[in-house]
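Peer 1: Quick one: this structure, given as structure tokens, is what I'll be asking you about.
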Amino acid sequence: SQANAAAKCVKGDRKAPYTIGWANIYSVPTWMKQTQGTIEAEVEALKKQGLVDKLVVTDAQGDANVQIQQIQSMIDSNVDAIILIAGSSTAPARVIADACAKGIAIINFDSLVDTDQVTAKVNTDSSQWGDQAAKFLIDAIGGKGKILILNGPAGVSVSDDRRKGADAELKAHPDVKILAETNTPYNVAPAQEAVTSLLFANPEIDGILSLGGALSAGAVLALDKQGRDQVPITGENARQFLELWKEKGLKSWATMQPNWLGAFATYTAVQALEGKDVPAFVKIPLPVIDNSNIDQYLARAKDFPADGYIYSPYDEELFKKLLAQK
Amino acid sequence: MSIIPSARADGALYWQVQARRNIGVRSLFLVVLAFLIAYAVLFPGLFTVSGFAKFTQSWFPLALVAMAQAILMLTGGISLAIGATVSLGAVIAATTMAGPLGVPGGAAAVALAGLGIGAATGFIVVRLRLPAIVVTLAGSFIIGGAALLVLPRPGGAVPAWLSDLLAGDTPAAFVLLMAIVLLWKLYLATPLGLSLYAAGENPVGAYRSGVPVDAARVAAYAISGLLSTGAGLFVAAQTGSGDPVIGNAFTLNSIAAAVLGGIGFLGGQGTMRGALAGSLLLSLMISVMFFLGFTPVAQYVAQGLIIIGAVAIPQFRKVQQ
Amino acid sequence: MTAWTDSAGGRRARAILTSRPFLTLAIVVAVWIAASFASRGFGAYGHLRYLVELGAVIGLVAAGQTFVVIAGGIDLSVAAIVTVSAISLPLLSWQADPTGLASVLAVLALTTAIGVINGLGVALLRVHPMIMTLAMATFLQGLLIIIAGGSAVTAENLLVHWLGNARPAGIPAGILLWIAVSVLVLTLMHATPFGARIFAMGANPLAASLSGVPITSTTLAVYGISGFTAGLAGVLVLGMNGQGYVGIGDPYLLASIAAVVLGGTSILGGLGTYAGTIPGAILLVTITALITVVNASPGWRSILFGSLILGLLLLSGRERARR
Amino acid sequence: MTTAPLLAARGVSKAFFGNPVLRDVSIALQPGRVHALLGENGAGKSTLINLLSGALRPDSGTIEVDGRAVARMTPALARQAGIAVVQQELSLTASLSIAENIGIGAYPKRFGLVDYKELAARAKAACKLVGLDEPLSTPVGNLSLGRRQMVEIAKALYRRPRVLILDEPTSSLSATETKILTDLLGRLRGEGVAILYISHRLNEVMALCQHVTVLKDGTRTADRSLEGTDATGLVRLMVGRDPGDLFPKWQPSASPGAAISVRGFSAGLMHDVELDIRTGEVLGIGGLVGQGQEDLLLGLYGAIPARTASATVNGVSGLPGNVPKANALGLAYVPADRKREGLHLIHPIITNMMLPAFARLPSLKLRSRKAEGEKGRGLAAQLSIKGDLQRPAQALSGGNQQKVALAKWMPHDPLVLLLNDPTRGVDVETKREIYLMLRAFAAAGKAVVLLSSDTPELVHLCDRVAVVREGRVVRMLERAALSEEAIVSAAMGAERRKVAA
Ligand SMILES: Nc1ncnc2c1ncn2[C@@H]1O[C@H](COP(=O)(O)OP(=O)(O)OP(=O)(O)O)[C@@H](O)[C@H]1O
Ligand SMILES: Nc1ncnc2c1ncn2[C@@H]1O[C@H](COP(=O)(O)OP(=O)(O)OP(=O)(O)O)[C@@H](O)[C@H]1O
Ligand SMILES: [Mg+2]
Ligand SMILES: [Mg+2]
């Protein structure tokens with residue numbers, strides 16, 4: 001990129017304080033609510049610096065088509081930046097391109113869109129997630145055994161990417177036998193139900209490759225309720241899972257999709273509007289939770305909702321460092 | 001029989017009948033009009049070509065699925081598979097149009113899939129006399145599964161020129177919608193189309209009067225399937241690609257739009273113009289609430305109130321009269 | 001209807017054997033047997049017991065739904081009500097309530113009130129049930145944004161925990177609860193004037209009203225019951241999962257409707273029985289479990305699930321002609 | 001007559017679920033003849049016409065058109081053969097306009113579309129014949145029962161039938177409309193149309209028909225010319241024994257006390273009504289169809305909003321605000337449209353009979369099936385409703401449905417009976433029973449309000465008749481002044497004035 005080039009989409013004709021549009025796909029789930037919390041906190045901080053004027057929030061109620069319409073409305077009302085969790089990895093691509101053409105800074109995080117017409121994308125690496133999880137599990141069961149794989153909903157990029165990421169490791173270990181796979185929403189109850197049925201169908205299970213935190217909690221509960229021994233399991237920073245991990249003394253590993261991605265996206269948007277160059281893709285390193293640091297996480301549990309996610313701490317220094325990486 | 005005199009033809013009958021049908025939805029029209037005005041005040045850009053184009057593009061797929069649901073409800077049926085069918089239409093479009101079949105071939109595949117699924121559903125519901133609500137619930141899993149087989153994760157592509165044509169800066173979607181409404185009017189003016197109402201409200205009586213009741217109902221399902229996959233095709237063009245779960249929300253929205261528009265569940269009650277107005281209201285509501293700066297919580301509450309109000313207030317006036 | 005003829009015993013037995021509830025039950029048993037051959041663990045006592053326990057949640061939601069459907073309506077807010085119940089219970093716990101009974105009662109009062117508001121909209125504002133309950137579900141989403149995640153109190157409620165985990169005499173408490181509710185529901189439905197009014201209202205509201213059936217209060221009661229049973233299901237599901245979360249009720253909307261219809265209740269109202277909904281609910285969880293253990297891609301699994309429901313419907317689900 | 005019958009059934013039999021409804025019945029419809037089909041409720045008349053028109057198929061026997069047997073009669077074939085059936089308000093679609101209803105199944109087409117111009121012309125012609133003057137675009141749902149009946153007839157005429165079958169076409173028509181219809185049928189007969197006419201009003205049959213077929217319990221008991229028969233003879237043919245008088249001997253039983261008294265009453269179409277309903281009387285309500293009579297009853301019953309300057313109902317002042325309150329005050333209402341307003345067709349007969357009881361009993365009191373069964377059987381015996389009470393009400397013939405709609409109020413011993421055409425479609429024997437019941441009811445010091453389209457009924461049964469026109473009670477005819485002419489002329493007053501102006 002050129003020396004003083006602004007970030008993509010940004011034309012330099014917008015002046016602080018900025019109006020930020022937060023195009024949420026569905027604001028009801030707790031993860032979203034926590035994310036919204038980090039965004040609001042960041043906006044407050046930026047307001048104090050005179051950089052942000054107001055935050056406009058939309059909720060597409062889970063409907064990718066409505067999200068398109070709401071982004072269109074944001075364009076129509078000429079917001080300065082849009083931060084976005086996409087309801088579909090393809091659907092908003094065209095409306096985002098329109099926004100980009102209008103000089104609106106677009107920061108896409110968490111669920112990404114297949115288009116490069118954005119200022120920046122911010123995310124952990126889903127396929128790395130799957131890869132690391134598989135590595136841990138295969139290691140934990142000694143390189144061979146029978147496992148279950150728990151996936152998020154079918155037809156959604158994130159769950160598909162995580163699963164694909166695990167493929168290489170699994171292929172490399174032919175002694176690891178996949179007994180069964182499931183696709184459920186990222187929720188405890190459906191995972192628990194599915195795993196219970198699988199437990200009865202499969203008397204021997206050596207490990208569970210779970211690619212979502214609530215799924216792991218459901219699996220642990222299922223094993224517990226059916227009086228089966230816990231097995232090595234991968235997971236995520238869902239508070240319920242971490243508490244179960246400690247309580248049952250699990251052999252486990254977890255990573256996270258930090259809620260502060262929202263705050264970071266907001267920060268990045270303002271930086272881009274302020275004329276700073278930002279990387280087209282900011283890869284957030286996957287934080288790892290294991291037996292060495294789980295207590296630090298659980299020590300902060302009280303600050304997080306019971307059905308929420310215990311995310312790692314963050315501050316502006318972290319954001320600066322992340323933006324500086326090339 | 002000569003005692004039946006041949007009176008002078010009354011050419012105005014069609015229009016009188018049409019005018020009568022406005023009576024039931026007049027107050028909904030007023031509500032929609034109020035929202036339109038509010039929208040135009042909040043967003044004057046609505047009156048530019050591209051503003052109008054974008055606005056109608058948001059509405060278009062919902063309008064199609066509202067029609068798809070309404071035509072079924074008029075015959076006393078219902079579909080919980082509308083959303084899945086939209087998804088299937090979208091993924092078929094996104095996987096065929098950029099390939100050797102090209103746009104015409106892809107469009108034909110989409111249309112055939114819609115007609116075929118609709119006709120099959122109709123056959124099962126009508127000829128095997130199974131409750132439509134569960135048949136289509138089962139159908140939603142089957143059709144949704146098929147969409148996942150066609151495209152396991154979002155992807156595919158629709159030629160850019162088609163996207164620009166249908167969902168660019170021209171009000172092509174609006175023109176298309178008008179054309180579809182016109183076709184619907186034509187269909188309703190055919191004996192089979194008009195039979196919809198009789199077949200829905202009073203199937204036994206209609207059968208005895210010589211109405212092809214079963215054919216009318218199966219045809220309704222086929223048309224409904226066509227409209228749904230058509231909505232899917234549009235969504236694919238609008239988004240430039242396919243997504244196997246993109247349509248999910250359309251199922252409930254289509255029902256909400258139809259019922260909001262005064263379509264009854266027992267068949268034969270309501271009009272398509274009502275269903276369209278209902279879908280327009282649902283679509284407008286989203287934009288108007290945005291421009292009023294509602295927070296998500298307020299959006300949910302207002303949405304509930306608007307929907308109830310749009311149905312309750314006219315009812316109230318009716319009771320008072 | 002057929003199960004309650006007061007004619008000779010033999011005819012009565014035949015009526016029961018050819019009735020929809022019995023047919024649905026027979027299908028459940030047949031599916032269980034067939035599935036046990038395919039997968040050894042499927043027919044294990046523990047698994048079947050678990051399926052029935054899962055069925056209890058659907059069964060509870062579907063109890064209210066059966067009332068509403070027979071009364072000629074439909075309740076699309078049950079999923080949101082289940083979630084509200086599971087989420088708000090921890091918020092409503094008090095120190096002075098060691099058993100947790102008071103908070104459970106408070107939550108049930110809340111969900112019943114939500115149902116009654118549905119009823120008010122339907123009966124007084126004359127809003128179509130589908131619209132009224134859909135709008136209510138939307139309201140409740142807004143409410144959930146406010147209350148969800150707000151409390152960090154896990155469900156430390158003894159009663160709820162007991163419901164979700166205890167097994168007196170080897171039978172999960174959830175199943176016992178379901179049995180108790182079923183007896184009550186069946187009695188209310190088929191052995192009281194209130195039940196008769198509901199059937200009359202669903203079959204022909206105009207004629208019912210001209211016969212003196214108090215339409216408004218009956219409607220309020222019906223939707224109130226639906227709110228109550230959905231709330232109860234929320235309490236149970238909270239106990240079974242140890243934790244409530246937003247979306248916990250989502251699976252129960254379509255499931256409750258499907259259980260009602262698979263059990264032979266007419267979606268048009270006026271005909272049906274909860275006796276059919278019970279096996280209908282078990283049938284649904286059975287099929288879901290069956291699909292889970294089948295190794296296939298998500299697309300094929302979905303297709304298989306739909307086809308199974310359709311096939312079973314073909315066996316049992318003919319709508320009777322009416323009008 | 002030497003020509004082959006236009007339409008005939010030869011030895012047809014039909015059973016429903018093993019219960020024979022028709023046994024070896026034959027009937028032949030000749031051109032230029034009005035053929036009466038008589039029989040008690042449930043004798044099988046409707047079933048026979050359903051066989052003739054292809055709506056049902058016979059178990060054995062054949063249907064012949066123009067002397068040739070038709071292998072498989074269907075509604076479509078029947079239509080092609082020029083057979084039109086007037087069902088009793090069964091075949092209309094409420095949301096379609098009059099014209100669209102009339103043409104349905106046989107729309108004139110142009111380029112594959114319905115030719116509205118042609119449709120309007122032909123529908124208008126058909127409407128004119130039956131005296132329907134509402135705009136053709138009016139949705140049928142907006143019409144009263146009687147007007148819908150006229151649409152149904154116009155619909156049959158629209159098809160220019162060679163064979164016209166009418167199933168109780170006059171059961172909800174007033175004398176004036178009946179006259180229009182009978183004149184019309186006379187003319188059609190002159191055109192050579194074969195007409196099959198079902199009615200329970202024997203005076204109409206006597207005046208109109210030339211030939212009669214009588215069914216009893218599904219078998220044909222008579223098939224003969226009507227010449228030389230009188231009404232008594234007809235009844236004898238139907239019931240197989242000598243009939244008594246149709247109407248009970250009138251004896252005054254009215255007392256000066258008012259059961260209901262309203263001043264300045266308005267409800268629906270009715271306005272400014274002053275009315276006293278005395279205990280012990282049968283008060284008739286007459287007039288042309290659809291002048292607001294029904295709203296009068298519904299308003300008193302609390303079923304539609306009503307306003308009054310003052311009102312007393314069984315000693316309590318003010319009108320009941322809703323139906324349960326009206327029931328508590330001792331009012332009961334039997335609607336005219338039994339299928340839509342009176343009955344729960346899909347529910348067992350016994351449940352229908354018990355419904356008012358269910359509405360009043362404490363909600364959570366346990367029911368006793370046994371007691372219900374006994375009470376139901378008692379009612380069925382009282383009103384001679386035959387067969388298993390667990391059958392759905394829709395399995396009953398029309399007349400028997402009417403009896404159920406009436407029977408359900410009997411156990412409650414209402415103080416005021418509001419009746420809306422209670423003998424619609426009821427056979428003579430049952431009518432007689434109902435009349436006896438009503439008079440006995442009045443004699444027991446209760447009040448009966450009888451809204452009826454059957455003028456003889458008003459004349460012979462009532463103590464007084466209030467004639468309603470354009471939403472007002474225009475005349476109150478005392479017993480001494482009661483006659484068919486008096487009622488009809490009071491009802492027609494408006495038309496006369498218009499003509500004079
Ligand atoms: N579809 C059916 N299923 C069962 N029973 C039927 C059916 N249709 C008619 N019946 C029975 O057949 C008998 C004859 O009925 P039908 O309607 O022909 O009588 P009807 O002579 O027309 O009587 P009405 O004068 O009351 O109209 C009745 O007992 C009725 O219960
Ligand atoms: N589902 C059903 N079960 C039993 N009988 C039925 C059913 N549907 C219709 N019938 C019978 O079909 C016959 C024709 O119906 P229709 O409504 O014309 O009766 P009807 O006797 O002519 O009544 P009305 O005298 O009021 O015209 C009736 O005798 C009725 O008993
Ligand atoms: Mg009959
Ligand atoms: Mg009859």
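Residue names in the structure tokens use chain letters A, B, ... in the order shown, residue numbers from 1 in each chain, and ligand numbers from 1 in the order shown.
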Set the cut-off to 9 Å and count only C-alpha atoms: what are the residues of chain A that reach chain C? Output as a ChimeraX atom specification.
Peer 2: /A:27-31,33-34,153-155,179-183,187-190,192-203,218,221,225-226,240,301-308
Peer 1: At a cut-off of 9 Å, list the chain C residues touching chain B, using only C-alpha atoms, as a PyMOL selection string.
Peer 2: chain C and resi 121+125-128+130-132+134-146+254+257-258+261-262+266-268+297-310+313-314+317-321+323
Peer 1: Kindly assemble as JSON lines a list of the chain D residues that lie within 9 Å of ligand 4, each paired with its nearest atom pair and their distance in Å to one decimal, using only C-alpha atoms and all ligand atoms, sorted first by chain and then by ascending residue number.
Peer 2:
{"residue": "D:Asn41", "atom": "CA", "partner": "ligand 4", "partner_atom_place_in_ligand_line": "1 (Mg)", "distance": 6.8}
{"residue": "D:Gly42", "atom": "CA", "partner": "ligand 4", "partner_atom_place_in_ligand_line": "1 (Mg)", "distance": 7.7}
{"residue": "D:Lys45", "atom": "CA", "partner": "ligand 4", "partner_atom_place_in_ligand_line": "1 (Mg)", "distance": 7.6}
{"residue": "D:Ser46", "atom": "CA", "partner": "ligand 4", "partner_atom_place_in_ligand_line": "1 (Mg)", "distance": 6.2}
{"residue": "D:Gln88", "atom": "CA", "partner": "ligand 4", "partner_atom_place_in_ligand_line": "1 (Mg)", "distance": 7.7}
{"residue": "D:Asp167", "atom": "CA", "partner": "ligand 4", "partner_atom_place_in_ligand_line": "1 (Mg)", "distance": 6.9}
{"residue": "D:Glu168", "atom": "CA", "partner": "ligand 4", "partner_atom_place_in_ligand_line": "1 (Mg)", "distance": 6.6}
{"residue": "D:Ile198", "atom": "CA", "partner": "ligand 4", "partner_atom_place_in_ligand_line": "1 (Mg)", "distance": 8.5}
{"residue": "D:Ser199", "atom": "CA", "partner": "ligand 4", "partner_atom_place_in_ligand_line": "1 (Mg)", "distance": 8.6}
{"residue": "D:Ser397", "atom": "CA", "partner": "ligand 4", "partner_atom_place_in_ligand_line": "1 (Mg)", "distance": 5.7}
{"residue": "D:Gly398", "atom": "CA", "partner": "ligand 4", "partner_atom_place_in_ligand_line": "1 (Mg)", "distance": 4.1}
{"residue": "D:Gly399", "atom": "CA", "partner": "ligand 4", "partner_atom_place_in_ligand_line": "1 (Mg)", "distance": 5.8}
{"residue": "D:Asn400", "atom": "CA", "partner": "ligand 4", "partner_atom_place_in_ligand_line": "1 (Mg)", "distance": 8.6}
{"residue": "D:Gly425", "atom": "CA", "partner": "ligand 4", "partner_atom_place_in_ligand_line": "1 (Mg)", "distance": 5.7}
{"residue": "D:Val426", "atom": "CA", "partner": "ligand 4", "partner_atom_place_in_ligand_line": "1 (Mg)", "distance": 7.8}
Peer 1: Which residues come within 8 Å of range 91-104 of chain A, counting only C-alpha atoms, excluding same-chain residues fewer than 4 positions away, as number ranges by chain?
Peer 2: A: 8-11, 64-65, 67-68, 71-72, 75, 78-82, 86-87, 113-115, 117-119; B: 236, 238-243, 246
Peer 1: Go ahead and write the selection's residues with C-alpha atoms as a PDB file, in the first residue's frame.
Peer 2:
ATOM      1  CA  LYS A   8      -9.812   0.573   1.794  1.00  0.00           C
ATOM      2  CA  CYS A   9     -13.242   2.167   1.275  1.00  0.00           C
ATOM      3  CA  VAL A  10     -12.243   5.228   3.287  1.00  0.00           C
ATOM      4  CA  LYS A  11     -11.989   8.318   1.104  1.00  0.00           C
ATOM      5  CA  ALA A  64     -29.786 -12.308   6.524  1.00  0.00           C
ATOM      6  CA  ASN A  65     -32.236 -10.602   4.167  1.00  0.00           C
ATOM      7  CA  GLN A  67     -29.658  -7.475   7.556  1.00  0.00           C
ATOM      8  CA  ILE A  68     -29.156  -6.471   3.941  1.00  0.00           C
ATOM      9  CA  ILE A  71     -27.251  -2.091   5.937  1.00  0.00           C
ATOM     10  CA  GLN A  72     -28.976  -0.377   3.029  1.00  0.00           C
ATOM     11  CA  ILE A  75     -26.050   3.626   3.693  1.00  0.00           C
ATOM     12  CA  ASN A  78     -24.987   8.010   5.534  1.00  0.00           C
ATOM     13  CA  VAL A  79     -23.303   6.572   8.611  1.00  0.00           C
ATOM     14  CA  ASP A  80     -19.527   6.920   8.620  1.00  0.00           C
ATOM     15  CA  ALA A  81     -18.687   3.357   9.499  1.00  0.00           C
ATOM     16  CA  ILE A  82     -20.415   0.024   9.671  1.00  0.00           C
ATOM     17  CA  ALA A  86     -22.685 -11.189   8.830  1.00  0.00           C
ATOM     18  CA  GLY A  87     -25.779 -13.381   8.910  1.00  0.00           C
ATOM     19  CA  VAL A 113     -18.340 -12.123   4.274  1.00  0.00           C
ATOM     20  CA  ASP A 114     -16.791 -13.485   1.093  1.00  0.00           C
ATOM     21  CA  THR A 115     -15.869 -10.146  -0.388  1.00  0.00           C
ATOM     22  CA  GLN A 117     -14.855  -4.735  -0.579  1.00  0.00           C
ATOM     23  CA  VAL A 118     -14.429  -4.034   3.122  1.00  0.00           C
ATOM     24  CA  THR A 119     -12.017  -1.873   5.048  1.00  0.00           C
TER      25      THR A 119
ATOM     26  CA  ALA B 236     -29.373 -15.192  -5.177  1.00  0.00           C
ATOM     27  CA  GLN B 238     -29.480  -9.731  -5.011  1.00  0.00           C
ATOM     28  CA  THR B 239     -26.665 -11.278  -3.001  1.00  0.00           C
ATOM     29  CA  GLY B 240     -24.647 -12.511  -5.958  1.00  0.00           C
ATOM     30  CA  SER B 241     -24.407 -16.018  -4.556  1.00  0.00           C
ATOM     31  CA  GLY B 242     -26.199 -18.856  -2.850  1.00  0.00           C
ATOM     32  CA  ASP B 243     -26.731 -19.757   0.783  1.00  0.00           C
ATOM     33  CA  ILE B 246     -30.897 -17.982   3.504  1.00  0.00           C
TER      34      ILE B 246
END
Peer 1: Quick check, in Å to one decimal: how far apart do CA of Ile178 in chain A and CA of Leu223 in chain A lie?
Peer 2: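 Interatomic distance, CA of Ile178 in chain A to CA of Leu223 in chain A: 17.8 Å.
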Peer 1: Residues within 9 Å of Val404 in chain D, please, as a compact mmCIF listing (two decimals) with C-alpha atoms, in the first residue's frame. Count only C-alpha atoms; anything in the same chain fewer than 2 positions from it doesn't count.
Peer 2:
# COMPACT_ATOMS: atom_id res chain seq x y z
CA GLY D 342 -76.94 -23.81 15.44
CA LEU D 343 -74.82 -26.91 15.40
CA ILE D 349 -75.33 -35.39 18.33
CA ILE D 350 -75.30 -35.88 22.06
CA ASN D 352 -74.60 -30.84 20.56
CA MET D 353 -77.59 -31.49 22.76
CA LEU D 379 -84.56 -35.65 24.25
CA ALA D 380 -84.11 -37.78 21.17
CA LEU D 383 -88.35 -35.18 19.28
CA ILE D 385 -84.49 -38.24 16.52
CA ALA D 393 -74.47 -34.19 13.70
CA GLY D 399 -84.70 -31.73 9.35
CA ASN D 400 -83.25 -33.85 12.07
CA GLN D 401 -80.43 -31.36 12.50
CA GLN D 402 -83.09 -28.74 13.12
CA LEU D 406 -84.13 -27.07 19.19
CA ALA D 407 -83.71 -29.99 21.54
CA LYS D 408 -80.60 -28.69 23.18
Peer 1: Any idea what's packed within 7 Å of Thr99 in chain C, counting only C-alpha atoms, ignoring anything in its chain fewer than 2 positions away? Could you give it as a PyMOL selection string?
Peer 2: chain C and resi 97+101+157-159
Peer 1: Just write the chosen residues, all heavy atoms, as a compact mmCIF listing (two decimals), in the first residue's frame.
Peer 2:
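Printed below is again_24.txt as written:
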# COMPACT_ATOMS: atom_id res chain seq x y z
N ASP C 97 -36.50 -18.72 50.43
CA ASP C 97 -37.25 -19.76 49.71
C ASP C 97 -36.33 -20.96 49.49
O ASP C 97 -35.84 -21.18 48.39
CB ASP C 97 -37.71 -19.16 48.38
CG ASP C 97 -38.37 -20.18 47.48
OD1 ASP C 97 -38.95 -21.14 48.02
OD2 ASP C 97 -38.31 -20.00 46.26
N LEU C 101 -39.68 -23.48 45.67
CA LEU C 101 -41.07 -23.57 45.21
C LEU C 101 -41.63 -22.19 44.89
O LEU C 101 -42.30 -22.01 43.87
CB LEU C 101 -41.91 -24.25 46.30
CG LEU C 101 -43.38 -24.43 45.93
CD1 LEU C 101 -43.52 -25.37 44.74
CD2 LEU C 101 -44.19 -24.94 47.11
N ASN C 157 -31.69 -23.83 42.43
CA ASN C 157 -33.04 -24.02 42.92
C ASN C 157 -33.26 -25.51 43.13
O ASN C 157 -33.21 -26.30 42.19
CB ASN C 157 -34.01 -23.46 41.87
CG ASN C 157 -35.44 -23.50 42.32
OD1 ASN C 157 -35.90 -24.53 42.78
ND2 ASN C 157 -36.12 -22.38 42.20
N LEU C 158 -33.50 -25.89 44.38
CA LEU C 158 -33.58 -27.32 44.71
C LEU C 158 -34.67 -28.03 43.93
O LEU C 158 -34.46 -29.10 43.36
CB LEU C 158 -33.85 -27.48 46.22
CG LEU C 158 -32.62 -27.27 47.10
CD1 LEU C 158 -32.99 -27.52 48.55
CD2 LEU C 158 -31.52 -28.23 46.66
N LEU C 159 -35.84 -27.40 43.88
CA LEU C 159 -36.97 -28.03 43.21
C LEU C 159 -36.65 -28.23 41.73
O LEU C 159 -36.88 -29.30 41.16
CB LEU C 159 -38.21 -27.15 43.38
CG LEU C 159 -39.48 -27.69 42.74
CD1 LEU C 159 -39.82 -29.06 43.29
CD2 LEU C 159 -40.63 -26.73 42.93
Peer 1: At a cut-off of 7 Å, using only C-alpha atoms, what residues contact Thr308 in chain D? Leave out same-chain residues fewer than 2 positions from it and give the result as a JSON list (two decimals) with N, CA, C and O atoms, in the first residue's frame.
Peer 2:
[["chain", "number", "residue", "atom", "x", "y", "z"],
["D", 262, "VAL", "N", -89.40, -3.67, 25.74],
["D", 262, "VAL", "CA", -88.34, -2.74, 25.34],
["D", 262, "VAL", "C", -88.93, -1.47, 24.76],
["D", 262, "VAL", "O", -89.97, -1.49, 24.11],
["D", 263, "ARG", "N", -88.24, -0.39, 25.01],
["D", 263, "ARG", "CA", -88.62, 0.91, 24.44],
["D", 263, "ARG", "C", -87.40, 1.48, 23.74],
["D", 263, "ARG", "O", -86.30, 1.45, 24.30],
["D", 264, "GLY", "N", -87.61, 2.02, 22.56],
["D", 264, "GLY", "CA", -86.51, 2.65, 21.83],
["D", 264, "GLY", "C", -85.35, 1.70, 21.60],
["D", 264, "GLY", "O", -84.19, 2.03, 21.80],
["D", 265, "PHE", "N", -85.68, 0.50, 21.16],
["D", 265, "PHE", "CA", -84.69, -0.54, 20.98],
["D", 265, "PHE", "C", -84.07, -0.46, 19.58],
["D", 265, "PHE", "O", -84.77, -0.34, 18.58],
["D", 266, "SER", "N", -82.75, -0.48, 19.52],
["D", 266, "SER", "CA", -82.07, -0.51, 18.22],
["D", 266, "SER", "C", -80.98, -1.55, 18.25],
["D", 266, "SER", "O", -80.23, -1.64, 19.23],
["D", 306, "ALA", "N", -76.85, -3.88, 21.34],
["D", 306, "ALA", "CA", -78.17, -3.27, 21.20],
["D", 306, "ALA", "C", -78.28, -2.08, 22.15],
["D", 306, "ALA", "O", -77.60, -2.04, 23.17],
["D", 310, "SER", "N", -85.31, 1.98, 27.47],
["D", 310, "SER", "CA", -85.54, 1.24, 28.69],
["D", 310, "SER", "C", -85.91, -0.18, 28.31],
["D", 310, "SER", "O", -86.42, -0.43, 27.24],
["D", 311, "ALA", "N", -85.64, -1.10, 29.21],
["D", 311, "ALA", "CA", -85.93, -2.49, 28.91],
["D", 311, "ALA", "C", -86.10, -3.27, 30.20],
["D", 311, "ALA", "O", -85.44, -2.99, 31.20]]
Peer 1: List as a PyMOL selection string the protein and nucleic acid residues near Leu84 in chain A, meaning an atom at most 8 Å away when only C-alpha atoms are counted, but skip any in the same chain fewer than 5 places from it.
Peer 2: chain A and resi 22-24+106-109
